[in-house]
Amino acid sequence: MPLTRMPAEIMAGELRKGGESHKVLDIAASHGMYGIAVAKQNPDAHVYAVDWKNVLEAATRNAQAAGIANRHHLLPGSAFKIDFGSGFDLALITGFLHHFDLPTCTTFMRKVHDSLTPGGRAAILEFVPNPDRVTPPIPAAFSMMMLVNTPAGDAYTLVEIESMSKSAGFARVEMAPPQIGRGRLVIAYR
């Protein structure tokens, strides 16, 4: 968690350039730092954290420590099975897609798309290798880790993320300029 504090703040600052988000879906929230960073930079934001109940206990403690507990709401359960609801301005998908194959990611992105308001954004933070899939070294190596440690996961290129997002109904996809930690921020617009 301490290693994500700075990347979370950078990502929240980058996302703020696209406008304020009032209802934020934080998928696979884990410790909650990405959603918390968005809420700290926007006092009107309410964050809805999705993860397993026992994992969300850490996110709850972190939201309390950050002073945003009254704007931090829990949606416990599997991100594939629970109903997200609707009306979200922003969905945070940090370090999640790489666990699954392209068809599963496309189906999941359709669910995210349906939860967003028109003009809403999905912020995807992942290791993104170049089209050659061997550079930069860390995303390329991460792809190998997914090959060994998941049934069908991968580090997806920008073209692959764009394809899954557009197949799910998103209008456009772009990579944000700053590198965030060792990952890249890709934004899909509804």
# chains A, B, ... in the order shown; residues from 1 in each chain; ligands from 1

call {"tool": "residues_around", "arguments": {"residues": "Ala8 (chain A)", "least_positions_apart": "6", "cutoff": "7 Å", "atoms": "only C-alpha atoms", "output": "list in words"}}
result
Met33, Tyr34 and Ala37 of chain A

call {"tool": "residues_around", "arguments": {"residues": "region 153-163 of chain A", "least_positions_apart": "3", "cutoff": "8 Å", "atoms": "only C-alpha atoms", "output": "list in words"}}
result
Leu97, His98, His99, Phe100, Asp101, Glu126, Phe127, Val128, Pro129, Asn130, Pro131, Arg133, Pro139, Ala140, Phe142, Ser143, Met144, Met146, Leu147, Thr150, Lys166, Ser167, Arg172, Val173, Glu174, Met175, Val186 and Ala188 of chain A

call {"tool": "select_by_dssp", "arguments": {"residues": "region 14-186 of chain A", "states": "strand (DSSP E or B)", "output": "PyMOL selection string"}}
result
chain A and resi 23-27+46-51+72-76+88-94+116-126+172-180+183-186

call {"tool": "residues_around", "arguments": {"residues": "Leu125 (chain A)", "least_positions_apart": "4", "cutoff": "6 Å", "atoms": "only C-alpha atoms", "output": "PDB file with all heavy atoms, in the first residue's frame"}}
result
ATOM      1  N   THR A  94      -7.727  -0.570 -11.708  1.00  0.00           N
ATOM      2  CA  THR A  94      -6.283  -0.525 -11.479  1.00  0.00           C
ATOM      3  C   THR A  94      -5.735  -1.924 -11.234  1.00  0.00           C
ATOM      4  O   THR A  94      -6.129  -2.591 -10.283  1.00  0.00           O
ATOM      5  CB  THR A  94      -5.957   0.395 -10.292  1.00  0.00           C
ATOM      6  OG1 THR A  94      -6.668  -0.055  -9.134  1.00  0.00           O
ATOM      7  CG2 THR A  94      -6.367   1.832 -10.579  1.00  0.00           C
ATOM      8  N   GLY A  95      -4.843  -2.369 -12.108  1.00  0.00           N
ATOM      9  CA  GLY A  95      -4.193  -3.655 -11.932  1.00  0.00           C
ATOM     10  C   GLY A  95      -5.159  -4.822 -11.906  1.00  0.00           C
ATOM     11  O   GLY A  95      -4.995  -5.748 -11.104  1.00  0.00           O
ATOM     12  N   ARG A 184       0.908   2.454 -16.903  1.00  0.00           N
ATOM     13  CA  ARG A 184       0.396   3.532 -17.753  1.00  0.00           C
ATOM     14  C   ARG A 184      -1.091   3.672 -17.502  1.00  0.00           C
ATOM     15  O   ARG A 184      -1.798   2.695 -17.234  1.00  0.00           O
ATOM     16  CB  ARG A 184       0.643   3.226 -19.231  1.00  0.00           C
ATOM     17  CG  ARG A 184       2.094   3.178 -19.641  1.00  0.00           C
ATOM     18  CD  ARG A 184       2.880   4.465 -19.392  1.00  0.00           C
ATOM     19  NE  ARG A 184       2.300   5.646 -19.968  1.00  0.00           N
ATOM     20  CZ  ARG A 184       2.682   6.234 -21.081  1.00  0.00           C
ATOM     21  NH1 ARG A 184       3.683   5.723 -21.776  1.00  0.00           N
ATOM     22  NH2 ARG A 184       2.102   7.331 -21.502  1.00  0.00           N
ATOM     23  N   LEU A 185      -1.574   4.897 -17.613  1.00  0.00           N
ATOM     24  CA  LEU A 185      -2.986   5.200 -17.460  1.00  0.00           C
ATOM     25  C   LEU A 185      -3.619   5.281 -18.840  1.00  0.00           C
ATOM     26  O   LEU A 185      -3.202   6.089 -19.676  1.00  0.00           O
ATOM     27  CB  LEU A 185      -3.162   6.522 -16.707  1.00  0.00           C
ATOM     28  CG  LEU A 185      -4.595   7.044 -16.573  1.00  0.00           C
ATOM     29  CD1 LEU A 185      -5.473   6.046 -15.808  1.00  0.00           C
ATOM     30  CD2 LEU A 185      -4.588   8.399 -15.877  1.00  0.00           C
TER      31      LEU A 185
END

call {"tool": "residues_around", "arguments": {"residues": "Pro43 (chain A)", "least_positions_apart": "4", "cutoff": "12 Å", "atoms": "only C-alpha atoms", "output": "list in words"}}
result
Arg16, Glu20, Ser21, His22, Lys23, Ile36, Ala37, Val38, Ala39, Val47, Gly67, Ile68, Ala69, Asn70, Arg71 and His72 of chain A

call {"tool": "write_last_selection", "arguments": {"atoms": "all heavy atoms", "output": "CSV table (one decimal), in the first residue's frame"}}
result
chain,number,residue,atom,x,y,z
A,16,ARG,N,-8.3,14.4,-12.8
A,16,ARG,CA,-9.0,15.7,-12.5
A,16,ARG,C,-9.0,16.6,-13.7
A,16,ARG,O,-9.9,17.5,-13.8
A,16,ARG,CB,-8.4,16.3,-11.3
A,16,ARG,CG,-9.2,17.4,-10.6
A,16,ARG,CD,-8.7,17.7,-9.3
A,16,ARG,NE,-9.6,18.7,-8.7
A,16,ARG,CZ,-9.3,19.5,-7.8
A,16,ARG,NH1,-8.1,19.5,-7.2
A,16,ARG,NH2,-10.2,20.3,-7.3
A,20,GLU,N,-14.3,17.1,-12.9
A,20,GLU,CA,-14.6,16.6,-11.5
A,20,GLU,C,-15.5,15.3,-11.7
A,20,GLU,O,-16.4,15.3,-12.5
A,20,GLU,CB,-15.3,17.6,-10.6
A,20,GLU,CG,-14.5,18.8,-10.3
A,20,GLU,CD,-13.2,18.5,-9.5
A,20,GLU,OE1,-13.2,17.5,-8.8
A,20,GLU,OE2,-12.3,19.3,-9.5
A,21,SER,N,-15.3,14.4,-10.9
A,21,SER,CA,-16.1,13.2,-10.9
A,21,SER,C,-16.8,13.1,-9.5
A,21,SER,O,-16.2,13.2,-8.5
A,21,SER,CB,-15.3,11.9,-11.1
A,21,SER,OG,-14.6,12.0,-12.3
A,22,HIS,N,-18.1,13.0,-9.5
A,22,HIS,CA,-18.9,13.0,-8.3
A,22,HIS,C,-19.2,11.6,-7.8
A,22,HIS,O,-19.4,11.4,-6.6
A,22,HIS,CB,-20.1,13.8,-8.4
A,22,HIS,CG,-19.8,15.2,-8.8
A,22,HIS,ND1,-19.3,16.2,-8.0
A,22,HIS,CD2,-19.9,15.9,-10.0
A,22,HIS,CE1,-19.1,17.3,-8.6
A,22,HIS,NE2,-19.4,17.1,-9.9
A,23,LYS,N,-19.4,10.6,-8.7
A,23,LYS,CA,-19.7,9.3,-8.3
A,23,LYS,C,-18.6,8.4,-9.0
A,23,LYS,O,-18.6,8.3,-10.2
A,23,LYS,CB,-21.1,8.9,-8.8
A,23,LYS,CG,-21.6,7.6,-8.2
A,23,LYS,CD,-23.0,7.4,-8.6
A,23,LYS,CE,-23.5,6.0,-8.0
A,23,LYS,NZ,-24.9,5.7,-8.5
A,36,ILE,N,-9.4,6.7,-2.8
A,36,ILE,CA,-9.2,7.7,-1.8
A,36,ILE,C,-8.5,8.9,-2.3
A,36,ILE,O,-8.8,10.1,-2.0
A,36,ILE,CB,-8.4,7.0,-0.6
A,36,ILE,CG1,-9.3,6.0,0.1
A,36,ILE,CG2,-7.9,8.1,0.4
A,36,ILE,CD1,-8.6,5.1,1.1
A,37,ALA,N,-7.5,8.7,-3.2
A,37,ALA,CA,-6.8,9.9,-3.8
A,37,ALA,C,-7.7,10.7,-4.6
A,37,ALA,O,-7.7,12.0,-4.6
A,37,ALA,CB,-5.6,9.4,-4.6
A,38,VAL,N,-8.6,10.1,-5.4
A,38,VAL,CA,-9.6,10.9,-6.1
A,38,VAL,C,-10.5,11.7,-5.2
A,38,VAL,O,-10.8,12.8,-5.4
A,38,VAL,CB,-10.5,9.9,-7.0
A,38,VAL,CG1,-11.6,10.7,-7.6
A,38,VAL,CG2,-9.6,9.3,-8.2
A,39,ALA,N,-11.0,11.0,-4.1
A,39,ALA,CA,-11.9,11.7,-3.2
A,39,ALA,C,-11.1,12.8,-2.4
A,39,ALA,O,-11.7,13.9,-2.2
A,39,ALA,CB,-12.4,10.7,-2.2
A,47,VAL,N,-17.0,7.6,-3.4
A,47,VAL,CA,-16.3,6.5,-4.0
A,47,VAL,C,-17.0,5.2,-3.5
A,47,VAL,O,-17.3,5.0,-2.3
A,47,VAL,CB,-14.8,6.4,-3.5
A,47,VAL,CG1,-14.1,5.1,-4.0
A,47,VAL,CG2,-14.1,7.6,-4.0
A,67,GLY,N,-9.8,10.6,6.2
A,67,GLY,CA,-10.8,11.6,6.5
A,67,GLY,C,-11.9,11.6,5.4
A,67,GLY,O,-12.7,12.6,5.3
A,68,ILE,N,-12.1,10.5,4.7
A,68,ILE,CA,-13.2,10.5,3.7
A,68,ILE,C,-14.2,9.4,3.9
A,68,ILE,O,-14.9,9.0,3.0
A,68,ILE,CB,-12.6,10.4,2.3
A,68,ILE,CG1,-11.8,9.1,2.1
A,68,ILE,CG2,-11.7,11.6,1.9
A,68,ILE,CD1,-12.3,8.3,0.9
A,69,ALA,N,-14.2,8.8,5.1
A,69,ALA,CA,-15.1,7.7,5.4
A,69,ALA,C,-16.5,7.9,5.1
A,69,ALA,O,-17.2,7.0,4.6
A,69,ALA,CB,-14.9,7.3,6.9
A,70,ASN,N,-17.0,9.2,5.3
A,70,ASN,CA,-18.4,9.4,5.0
A,70,ASN,C,-18.7,9.5,3.5
A,70,ASN,O,-19.9,9.5,3.1
A,70,ASN,CB,-18.8,10.8,5.6
A,70,ASN,CG,-18.0,12.0,5.1
A,70,ASN,OD1,-16.9,11.8,4.7
A,70,ASN,ND2,-18.7,13.1,5.1
A,71,ARG,N,-17.7,9.4,2.7
A,71,ARG,CA,-17.8,9.4,1.2
A,71,ARG,C,-17.3,8.2,0.6
A,71,ARG,O,-17.1,8.1,-0.6
A,71,ARG,CB,-17.1,10.7,0.6
A,71,ARG,CG,-17.7,12.0,1.1
A,71,ARG,CD,-17.1,13.2,0.4
A,71,ARG,NE,-15.7,13.4,0.8
A,71,ARG,CZ,-14.7,13.5,0.0
A,71,ARG,NH1,-14.8,13.4,-1.3
A,71,ARG,NH2,-13.5,13.8,0.5
A,72,HIS,N,-17.0,7.2,1.4
A,72,HIS,CA,-16.5,5.9,0.9
A,72,HIS,C,-17.5,4.8,1.2
A,72,HIS,O,-17.8,4.5,2.4
A,72,HIS,CB,-15.1,5.6,1.7
A,72,HIS,CG,-14.3,4.5,1.1
A,72,HIS,ND1,-14.4,3.2,1.6
A,72,HIS,CD2,-13.5,4.5,0.0
A,72,HIS,CE1,-13.6,2.5,0.8
A,72,HIS,NE2,-13.0,3.2,-0.1

call {"tool": "closest_residue", "arguments": {"among": "A:Ser165, A:Ser30, A:Ser115, A:Asn149", "to": "Gly87 (chain A)", "atoms": "only C-alpha atoms"}}
result
A:Ser115

call {"tool": "closest_residue", "arguments": {"among": "A:Pro7, A:Thr117, A:Lys17, A:Gly32", "to": "Ala66 (chain A)", "atoms": "only C-alpha atoms"}}
result
A:Gly32

call {"tool": "residues_around", "arguments": {"residues": "Gly35 (chain A)", "least_positions_apart": "5", "cutoff": "9 Å", "atoms": "only C-alpha atoms", "output": "list in words"}}
result
Ala8, Ala12, Val24, Leu25, Asp26, Ala29, Lys40, His46, Val47, Tyr48, Ala49, His72 and Leu92 of chain A

call {"tool": "closest_residue", "arguments": {"among": "A:Asp89, A:Asp83, A:Asp51, A:Glu57", "to": "Pro118 (chain A)", "atoms": "only C-alpha atoms"}}
result
A:Asp89

call {"tool": "atom_distance", "arguments": {"atom1": "CA of Glu9 (chain A)", "atom2": "CA of Val55 (chain A)"}}
result
21.2 Å
